[in-house]
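Heads up, the thing below is written out as structure tokens.
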Amino acid sequence: MATKYFALLTNIGAAKLANATALGAQVEITQMAVGDGNGVLPTPNPAQTALVHEQRRAPLNMLTIDPVNISQIIAELVIPENVGGWWVREIGLFDKDGDMIAVANCAETYKPQLQEGSGRVQVIRVILIVSSTEAVTLKIDPSVVLATRKYVDDAVIEVKSYIDRQLAVHIAADDPHTQYLLESDFDKYFPAGFPLPWPKVTPPDGWLKCNGATFDKAKYPLLGMVYPSGALPDLRGEFIRGWDDGRGIDAGRALLSAQAGMIERHEHKVHRRQDDAFVNQSPNADSPGADHLSIVHSKTVIPGGDVDTLYATPTGGSETRPRNIAFNYIVRAV
């Protein structure tokens with residue numbers, strides 16, 4: 001049985017594609033036209049330069065290479081629901097110069113209009129076999145593109161496949177969430193013996209209070225390597241001070257050594273005033289057997305004495321300390 005419906009390159013189209021292939025150029029297919037063949041199903045003729053009776057010409061909705069056969073180009077046109085009132089029997093592909101590159105016929109189908117009671121969107125698809133798809137520019141105008149049902153289905157499948165692949169890789173990875181701290185990282189950054197301020201009375205599992213108590217080195221061997229004496233430092237009511245390590249600020253200290261409280265040596269200056277004390281006496285009169293009167297005025301001077309002991313009124317509390325907030329110091333034991 002002879003093929004009834006087919007598509008072929010026109011003479012102009014074949015010449016343009018051959019020339020483009022030879023020169024390394026491309027033919028840009030931009031539009032598709034449909035016609036009714038004047039009521040008769042036409043047979044495509046390579047000598048055609050136009051359709052028998054064109055009804056509509058519009059920019060392509062899609063132009064791609066067939067993923068199954070790379071020698072085939074798929075062109076697609078979407079006819080909206082508000083266009084129609086005629087039969088579709090012939091199809092033509094046109095380049096940017098307006099030349100018909102390919103022509104085809106198709107099974108007769110009627111494209112109704114909305115006022116006829118049917119709002120059908122019709123998709124016309126042409127598959128064109130060429131010697132080299134590299135000579136054809138796969139370019140469309142995105143402003144006129146409509147998503148067909150098949151396009152959406154294919155896109156959904158593609159997206160789902162991509163997500164499934166990414167999820168499979170994610171699940172199979174040793175560390176899919178690098179932004180999170182792994183338990184192994186916790187061991188690296190917070191090893192056994194690490195002290196930590198804890199806001200509760202009871203430490204979490206695997207931690208002990210820094211209260212000076214002894215611990216079982218057989219049960220906590222890693223902790224025993226840090227505190228070989230088998231006793232934890234007593235940090236209750238204590239501040240932690242950075243080890244001097246040769247700086248000379250707090251020289252002579254060993255790690256984990258305790259230090260008593262102390263006020264830095266200083267002096268207070270007390271100024272005092274020393275005055276002489278004066279004792280005045282009343283004048284005396286004396287004139288025994290004399291023809292005159294003698295008046296004597298006397299003054300007693302008492303030098304000021306030294307004071308060796310000065311007393312100041314005590315103020316303040318029972319210790320010297322900065323402002324602080326109480327936390328429960330705990331240490332990692334495992």
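Ordering of the structure tokens sets the chain letters (A, B, ...); residue numbers start at 1 within each chain; ligands are numbered from 1 in the order shown.
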Just list as a PDB file with C-alpha atoms, in the first residue's frame whatever in region 211-274 of chain A DSSP marks as strand (DSSP E or B).
```
ATOM      1  CA  ASN A 211      33.287  18.762  91.620  1.00  0.00           C
ATOM      2  CA  THR A 214      37.283  10.700  91.722  1.00  0.00           C
ATOM      3  CA  ALA A 231      40.175  12.966  90.093  1.00  0.00           C
ATOM      4  CA  ASP A 234      36.701  21.090  91.610  1.00  0.00           C
TER       5      ASP A 234
END
```
Selection near Leu208 (chain A), 7 Å with only C-alpha atoms, sequence-local residues under 2 positions removed, as a PyMOL selection string: chain A and resi 203+206+210+330-333
Can you write out as a Markdown table which residues of region 37-93 of chain A fall within 8 Å of region 16-31 of chain A, alongside each residue's closest atom pair and its distance in Å to one decimal, counting only C-alpha atoms and ordering rows by chain and ascending residue number?
```
| residue | atom | partner | partner_atom | distance |
| --- | --- | --- | --- | --- |
| A:Arg57 | CA | A:Gln31 | CA | 6.8 |
| A:Ala58 | CA | A:Gln31 | CA | 5.5 |
| A:Pro59 | CA | A:Gln31 | CA | 4.3 |
| A:Leu60 | CA | A:Gln31 | CA | 5.1 |
| A:Leu93 | CA | A:Gln31 | CA | 6.0 |
```
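Atom pair CA of Thr43 (chain A) / CA of Ala15 (chain A): separated by 20.8 Å.
Nearest to Leu77 (chain A) of all the residues A:Arg236, A:Arg241, A:Lys217, A:Arg125 is A:Arg125, based on only C-alpha atoms.
For region 12-123 of chain A, a DSSP pass over the backbone yields helix (DSSP H, G or I) at A:Ile12, A:Gly13, A:Ala14, A:Ala15, A:Lys16, A:Leu17, A:Ala18, A:Asn19, A:Ala20, A:Thr21, A:Ala22, A:Leu23, A:Gly37, A:Asn38, A:Gly39, A:Leu114, A:Gln115, A:Glu116.
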Please write the residues from the selection above to a file, keeping C-alpha atoms, as a tab-separated table (two decimals), in the first residue's frame.
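File produced: part-v9.tsv:
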```tsv
chain	number	residue	atom	x	y	z
A	12	ILE	CA	14.14	25.45	-2.47
A	13	GLY	CA	14.50	23.80	0.92
A	14	ALA	CA	16.82	21.08	-0.38
A	15	ALA	CA	19.01	23.67	-2.09
A	16	LYS	CA	19.20	25.87	1.01
A	17	LEU	CA	20.06	22.93	3.26
A	18	ALA	CA	22.73	21.68	0.86
A	19	ASN	CA	24.25	25.14	0.61
A	20	ALA	CA	24.15	25.60	4.38
A	21	THR	CA	25.85	22.23	4.91
A	22	ALA	CA	28.57	23.07	2.41
A	23	LEU	CA	29.26	26.51	3.86
A	37	GLY	CA	-6.09	22.14	-0.09
A	38	ASN	CA	-9.20	23.76	-1.56
A	39	GLY	CA	-11.29	20.88	-0.27
A	114	LEU	CA	-15.51	28.78	19.67
A	115	GLN	CA	-18.84	30.01	18.35
A	116	GLU	CA	-19.38	26.58	16.84
```
Proximity to Ala102 (chain A) - best of A:Gln72, A:Thr10, A:Gln48, A:Thr3, only C-alpha atoms: A:Thr10
Which residue of A:Ala213, A:Ile70, A:Ala260, A:Met32 approaches Lys96 (chain A) most closely, using only C-alpha atoms: A:Met32
Using only C-alpha atoms: which of A:Leu256, A:Ile124, A:Ala173, A:Val226 has the shortest distance to Pro191 (chain A): A:Val226
Gap from CA of Ile127 (chain A) to CA of Val68 (chain A) - Å, one decimal: 12.1 Å
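Shortest atom-to-atom contact with Gly92 (chain A) among A:Asp250, A:Asp36, A:Glu158, A:Asp205: A:Asp36, counting only C-alpha atoms.
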Need the shell around Met225 (chain A): protein/DNA/RNA residues with any atom at most 12 Å away, counting only C-alpha atoms. Skip same-chain ones fewer than 4 positions apart. Format as a PDB file with C-alpha atoms, in the first residue's frame?
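Below is the file that was written, result08.pdb:
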```pdb
ATOM      1  CA  PRO A 191      37.061  15.188  73.124  1.00  0.00           C
ATOM      2  CA  ALA A 192      36.853  13.460  76.481  1.00  0.00           C
ATOM      3  CA  GLY A 193      38.009  15.800  79.247  1.00  0.00           C
ATOM      4  CA  ASP A 216      36.619   5.036  87.549  1.00  0.00           C
ATOM      5  CA  LYS A 217      39.502   5.128  85.051  1.00  0.00           C
ATOM      6  CA  ALA A 218      38.560   1.663  83.807  1.00  0.00           C
ATOM      7  CA  LYS A 219      35.044   2.885  83.002  1.00  0.00           C
ATOM      8  CA  TYR A 220      36.251   6.175  81.525  1.00  0.00           C
ATOM      9  CA  PRO A 221      39.650   5.385  79.953  1.00  0.00           C
ATOM     10  CA  SER A 229      45.150  11.207  88.811  1.00  0.00           C
ATOM     11  CA  GLY A 230      41.631   9.834  88.511  1.00  0.00           C
ATOM     12  CA  ALA A 231      40.175  12.966  90.093  1.00  0.00           C
ATOM     13  CA  LEU A 232      38.370  15.823  88.417  1.00  0.00           C
ATOM     14  CA  ALA A 333      33.720  11.548  80.231  1.00  0.00           C
ATOM     15  CA  VAL A 334      33.329   9.288  77.150  1.00  0.00           C
TER      16      VAL A 334
END
```
Please provide as an mmCIF file with C-alpha atoms, in the first residue's frame all residues within 10 Å of Ala104 (chain A), with the sequence filter that same-chain residues fewer than 4 positions apart are discarded (counting only C-alpha atoms).
```cif
data_model
loop_
_atom_site.group_PDB
_atom_site.id
_atom_site.type_symbol
_atom_site.label_atom_id
_atom_site.label_comp_id
_atom_site.auth_asym_id
_atom_site.auth_seq_id
_atom_site.Cartn_x
_atom_site.Cartn_y
_atom_site.Cartn_z
ATOM 1 C CA TYR A 5 0.591 11.004 4.183
ATOM 2 C CA PHE A 6 4.195 12.204 4.069
ATOM 3 C CA ALA A 7 6.467 15.250 4.248
ATOM 4 C CA LEU A 8 9.345 16.208 1.991
ATOM 5 C CA LEU A 9 11.799 19.016 1.345
ATOM 6 C CA THR A 10 10.901 21.410 -1.401
ATOM 7 C CA VAL A 34 -1.700 25.040 7.366
ATOM 8 C CA PRO A 42 -3.129 17.390 -1.882
ATOM 9 C CA THR A 43 -0.043 15.356 -2.666
ATOM 10 C CA PRO A 44 3.154 17.139 -1.616
ATOM 11 C CA ASN A 45 5.265 18.264 -4.536
ATOM 12 C CA PRO A 46 8.920 19.328 -4.148
ATOM 13 C CA LEU A 51 0.425 25.695 -0.058
ATOM 14 C CA ARG A 89 -5.116 18.969 4.916
ATOM 15 C CA GLU A 90 -1.712 20.479 4.100
ATOM 16 C CA ILE A 91 1.248 21.820 6.064
ATOM 17 C CA GLY A 92 4.242 23.932 5.099
ATOM 18 C CA LEU A 93 7.442 24.948 6.917
ATOM 19 C CA VAL A 126 5.718 17.675 11.380
ATOM 20 C CA ILE A 127 8.665 15.262 11.423
ATOM 21 C CA LEU A 128 11.209 16.098 8.754
#
```
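Of note, CA of Pro322 (chain A) and CA of Pro199 (chain A) are spaced 19.7 Å apart.
If you count only C-alpha atoms and ignore residues fewer than 6 places along the chain from Trp86 (chain A), what sits within 9 Å of it is Gly35, Asp36, Gln55, Thr109, Tyr110, Lys111, Pro112 and Gln113 of chain A.
Residue nearest Gln259 (chain A) within the list A:Tyr189, A:Gly246, A:Leu235, A:Asn324: A:Leu235 [criterion: smallest interatomic distance, only C-alpha atoms].
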